[in-house]
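Contents: one structure, followed by commentary.
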Amino acid sequence: MTLERDPKDFSDVEVGEDHVLAHDVDQEPVEANRRLFEGSMMKFVSLLAIVYSSFHLYVLNIAPLETWSFRIVHIAGALVLGFVLFAGARFVSAEEGSARHRWTTWIGAAALLPAFYVLYQTFSFWQMVQNGAMRIPVELETWHFGWPLLAVTAVGIVLSWFHQRERSRFSVPDLVLIVCSIAVAAYFLVAYNTAMRMSTGTSFAPVGISFAAVAGTALIMELTRRVAGLALVIIGLVFLVYVFAGPYLPGFLGYPGLSVQRFFSQVYTDAGILGPTTAVSSTYIILFIIFAAFLQASKVGDYFVNFAFAAAGRSRGGPAKVSIFASGLMGMINGTSAGNVVSTGSLTIPLMKKVGYSKKSAGAVEAAASTGGQIMPPIMGAGAFIMAEITGIPYTEIAIAAIIPAILYFASVYFMVDFEAAKTGMRGMREDELPKLRTMVKQCYLFIPIIILVVALFMGYSVIRAGTLAMVSAAVVSWFSPNKMGVRAVLHALEIASYMAIQIIVVCAAAGVIVGVISLTGVGARFSVLLLDVAEASQLLALIFAMFISILLGMGMPTTAAYAVAASVVAPGLVQLGIEPLTAHFFVFYFAVVSAITPPVALASYAAAGISGANAMETSVASFRIGIAAFIVPFMFFYNGALLMEAGWIDIARALVTALFGVYMLSGGVMGWFADVSAPWLARLMLIGAALLMIEGGLVSDLAGIALAAMVFVMQRQRKGRVAAA
C-alpha cells in the first residue's frame, strides 16, 4: 500500500493572511491554479517558469554571471512570475464578470504607455553607455525615467488593490507592475556595470539609482504582501520610516540621519537588497528548491513519507510520530516552516484526526514538527548556508554543531506526542492502513539522492556542486522506480520549482531592505550597546531580552528572512558579550525558527489550522506548547558548549544523555504524564524544575535534577498503584 497525497496539495506555498494566490480565493495550489490560464497564456507562464529555473542552474554550474547582475535578474524574474501568479485582490466569478472593475483595466491600459516609455529609456541609457558616455544626463534620469517610473509603479500597485477579475484572465494593472519590474532591473544592469556603481551611497550617485531603488522596494513590498501577508511589510515599513525619523528620536535610537537620495542609492546594493539574504536565495535556496521539486516530480519525496509511515505508523498516535520524521526529512530541504506544513500536513493531519487527535492537536503537532525541519542538518532549510555566509564559519562545522540541538528538539516533540497518545488512549494505525515495511526497505535506494548530498558536502564539494549532483541522482534513481523522470518530468520539475521559489525569494529581498536599514543607520550597533548594558545587571536577563527580540523580529517571516534580520540586530550584541560567534548565531537562529509557532503571529500554526479546520490561535498555542523545548535548548547549549560539539567526546556524550533526560522530564511536566500515569500539578512543577536544573550542564545541577526526577518517579508509581486499586 502507498499513501497518496491530496491532489490539491502543492508543496511549498506558505499561507499568508492577506494574500491571494492568483487563481483562487481558497488558496488552491499555484500548480493547479496555473492551469486556469487558458491556451497560449498557460504555455507562456510554464515556459517562463522553466526558463527561470534553468537560468539559475546554467549560471550556477556552467557560465557564472557578474554577482550583482545575477542577483538583479534573480529578483526581477521572481517579481515578474509573482505578479503573474499572485493577485492583488480577490477574484470575481465568471457570472459577476469584470465589468464592474473595468475602470481599473482602462486606467491600467493607459498606465502601460508611460511604463513602456520608461522601459524604452533604459534601452536609450544602455546605448549612451555603449557609445562611451560616462554619465547619463540628470534631466533624462529625472524627468524621462525617475518620476514616470515612480508614478506608474504607484498607479499599478494601487490599481491592483481594487482590480478584480475572473480567474482565467490576466490582470492589466499587474502587467504594469511587470513592465516596471523589468525597467528597474534594466536600469540597474546598465548603471551597475559601469563606473557609476562605485558612486552608490555618495552625493555623486546618479539620481536614477535612487528612483529605481524606491520603485524596486515598493514592488518587492507589494509582492511580499501578496505572498506572505502584511506582517513583514509592516516591519519593513517601520524600518524605512526609522531611516528618516531616527534623527528626531531620543536615546540610543537616534542617529545623524541619511538623505533620501543617499539611502536609496545604497539600499539596492550588497549593503541591502542585493546583500546576504539575496545572495543565499539566488544560490543555495533556489538550488535546493529545484532539488525538492525533483524529489517531488520523481516521487522520491513521497517515499520518505511512506517509509516513515511504514516504520512508525503502528505505534500509539502513529500518524503524529510519522509527521515528526517526515517533516524533519522534508523540512530541511524546504525553505519555510509553513511550506513544509502544507507539503506533509496534507497527508498526516487527516490521518492524525482519524486515530483520535483533535483538530487542534493534529495541526499543532504538524506545525511543531515542520518547524523543527528548519533546524535539521545538513541543510537546515538553507539556514546553515545563510549562517555560513554571515559568520564566515565553514558550513560543515555549522552542520555538525546542529546535530545534537536537532536531536533534542525532535526528541522533545516525540515525547510530547507519545505522552499525549498514552494520556488519551490513542491507537496506532492498522496493518492494512500502512505501506508494507518490507516493500519500503526494498526501495531504500530512493534515499540515494540525500546520501549523495550529505557525502558530497562532507567530502568538501561546493554546496552548488553537491546540490546539483543530488538533483541529477534523483532523476537517475527514478528510473529504478515506477515513476521514471523523462524530459517532460524534468521540465515539469523546473516549472514547479520556480513557483515554489517565488515566495522565499521575494521575502528574502524584503528582508534585505530591513538588513540594509540596520547596516546603513547603525541601529544594530546601538542595540548591541543596549544589550551590554542589560548584561551588566544579568547575563541571563540579556539572553532572555535577546530571545524576545529575535522572536519579535521573526514573526510573520519565513525562517531564512527571520534569521537574517535577527542576525543583523541581535547576534552582534551577543558576540560583544563574549559569547562565541557560533553559539550566538545558533541562539538567534533557533528563536527565529520557533517564531513560526509562537503566538500571536505563527505562520506554521496558521497553515496547519487551515488544513485541520481548527481555530488558528488555539492551534498556535498548542504548537507552542509542543515545541516548548526549542525555547529551552538554546539556553542549554549556551551554558554547555558540548551540545554544539565544542568539547571532548566524553563531555559531548554526557551532555547529550543528560540533555535528553532533561527534555524528557520537560515533556512529562508540560503534558502532565509521567511513569504511565497522569501527573498532578506538584509532580509537573517538580519535573519542569528538574528539567531546568539540567540546563547548566554541571555535574552538581545534573545530579540534583536526577534526584528530583527520581522523587517524582516514586510519587508517580505510588499514584499508579492507587489509581489501579481504585
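The way I read the labels, and the way they are meant: chains A, B, ... in the order of the C-alpha cells, residue 1 as the first residue of every chain, and ligand 1 as the first ligand shown, with later ones counted on from there.
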
Find the residues near Ile136 (chain A): any atom within 9 Å, counting only C-alpha atoms, skip ones fewer than 5 places away on the same chain, and give them as a compact mmCIF listing (two decimals) with N, CA and C atoms, in the first residue's frame.
```txt
# COMPACT_ATOMS: atom_id res chain seq x y z
N PHE A 125 19.53 54.57 -22.34
CA PHE A 125 20.68 54.74 -21.44
C PHE A 125 21.78 53.74 -21.79
N MET A 128 23.69 54.93 -24.73
CA MET A 128 24.62 56.00 -24.35
C MET A 128 25.90 55.44 -23.76
N VAL A 129 25.74 54.46 -22.88
CA VAL A 129 26.91 53.84 -22.24
C VAL A 129 27.76 53.13 -23.29
N GLU A 141 17.37 61.25 -16.56
CA GLU A 141 17.13 60.33 -15.44
C GLU A 141 15.95 60.78 -14.59
N PRO A 206 24.27 58.66 -9.34
CA PRO A 206 23.23 59.12 -10.28
C PRO A 206 21.85 59.08 -9.62
N GLY A 208 19.10 58.51 -10.85
CA GLY A 208 18.28 57.41 -11.35
C GLY A 208 18.35 56.18 -10.47
```

- Message: Just want the 12 Å neighbourhood of Ile579 (chain A), counted on only C-alpha atoms, with same-chain residues fewer than 2 positions away dropped. Output as a list in words.
- Response: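 With the cut-off at 12 Å, the set is Leu532, Ala535, Gln539, Ala542, Leu543, Ala571, Pro572, Gly573, Leu574, Val575, Gln576, Leu577, Pro581, Leu582, Thr583, Ala584, His585, Phe586, Phe587, Phe637, Phe638, Tyr639, Asn640 and Gly641 of chain A.
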
Show me, as a PDB file with N, CA, C and O atoms, in the first residue's frame, the residues that have an atom within 9 Å of Val51 (chain A) when counting only C-alpha atoms, minus same-chain residues fewer than 5 positions from it.
```pdb
ATOM      1  N   SER A  46       4.210  28.671 -18.184  1.00  0.00           N
ATOM      2  CA  SER A  46       5.038  27.483 -17.968  1.00  0.00           C
ATOM      3  C   SER A  46       6.440  27.688 -18.522  1.00  0.00           C
ATOM      4  O   SER A  46       7.439  27.355 -17.866  1.00  0.00           O
ATOM      5  N   HIS A  56      19.024  29.749 -13.564  1.00  0.00           N
ATOM      6  CA  HIS A  56      19.809  29.627 -12.333  1.00  0.00           C
ATOM      7  C   HIS A  56      20.773  28.444 -12.398  1.00  0.00           C
ATOM      8  O   HIS A  56      21.941  28.568 -12.004  1.00  0.00           O
ATOM      9  N   LEU A 494      11.335  21.656 -13.155  1.00  0.00           N
ATOM     10  CA  LEU A 494      11.867  23.018 -13.265  1.00  0.00           C
ATOM     11  C   LEU A 494      10.747  24.043 -13.159  1.00  0.00           C
ATOM     12  O   LEU A 494      10.926  25.122 -12.573  1.00  0.00           O
ATOM     13  N   GLU A 495       9.609  23.703 -13.732  1.00  0.00           N
ATOM     14  CA  GLU A 495       8.471  24.625 -13.699  1.00  0.00           C
ATOM     15  C   GLU A 495       7.963  24.824 -12.274  1.00  0.00           C
ATOM     16  O   GLU A 495       7.834  25.962 -11.803  1.00  0.00           O
ATOM     17  N   SER A 498      10.146  26.918  -9.882  1.00  0.00           N
ATOM     18  CA  SER A 498      10.015  28.374  -9.979  1.00  0.00           C
ATOM     19  C   SER A 498       8.827  28.862  -9.161  1.00  0.00           C
ATOM     20  O   SER A 498       8.907  29.877  -8.469  1.00  0.00           O
TER      21      SER A 498
END
```

- Message: Please return, as an NGL selection string, all residues of region 480-634 of chain A that DSSP assigns to alpha helix (DSSP H) on the basis of the backbone.
- Response: :A and (487-521 or 523-537 or 539-554 or 559-569 or 571-576 or 581-594 or 603-612 or 616-626 or 633-634)

- Would you work out the distance separating CA of Leu149 (chain A) from CA of Ala215 (chain A), expressed in Å to one decimal? 7.0 Å
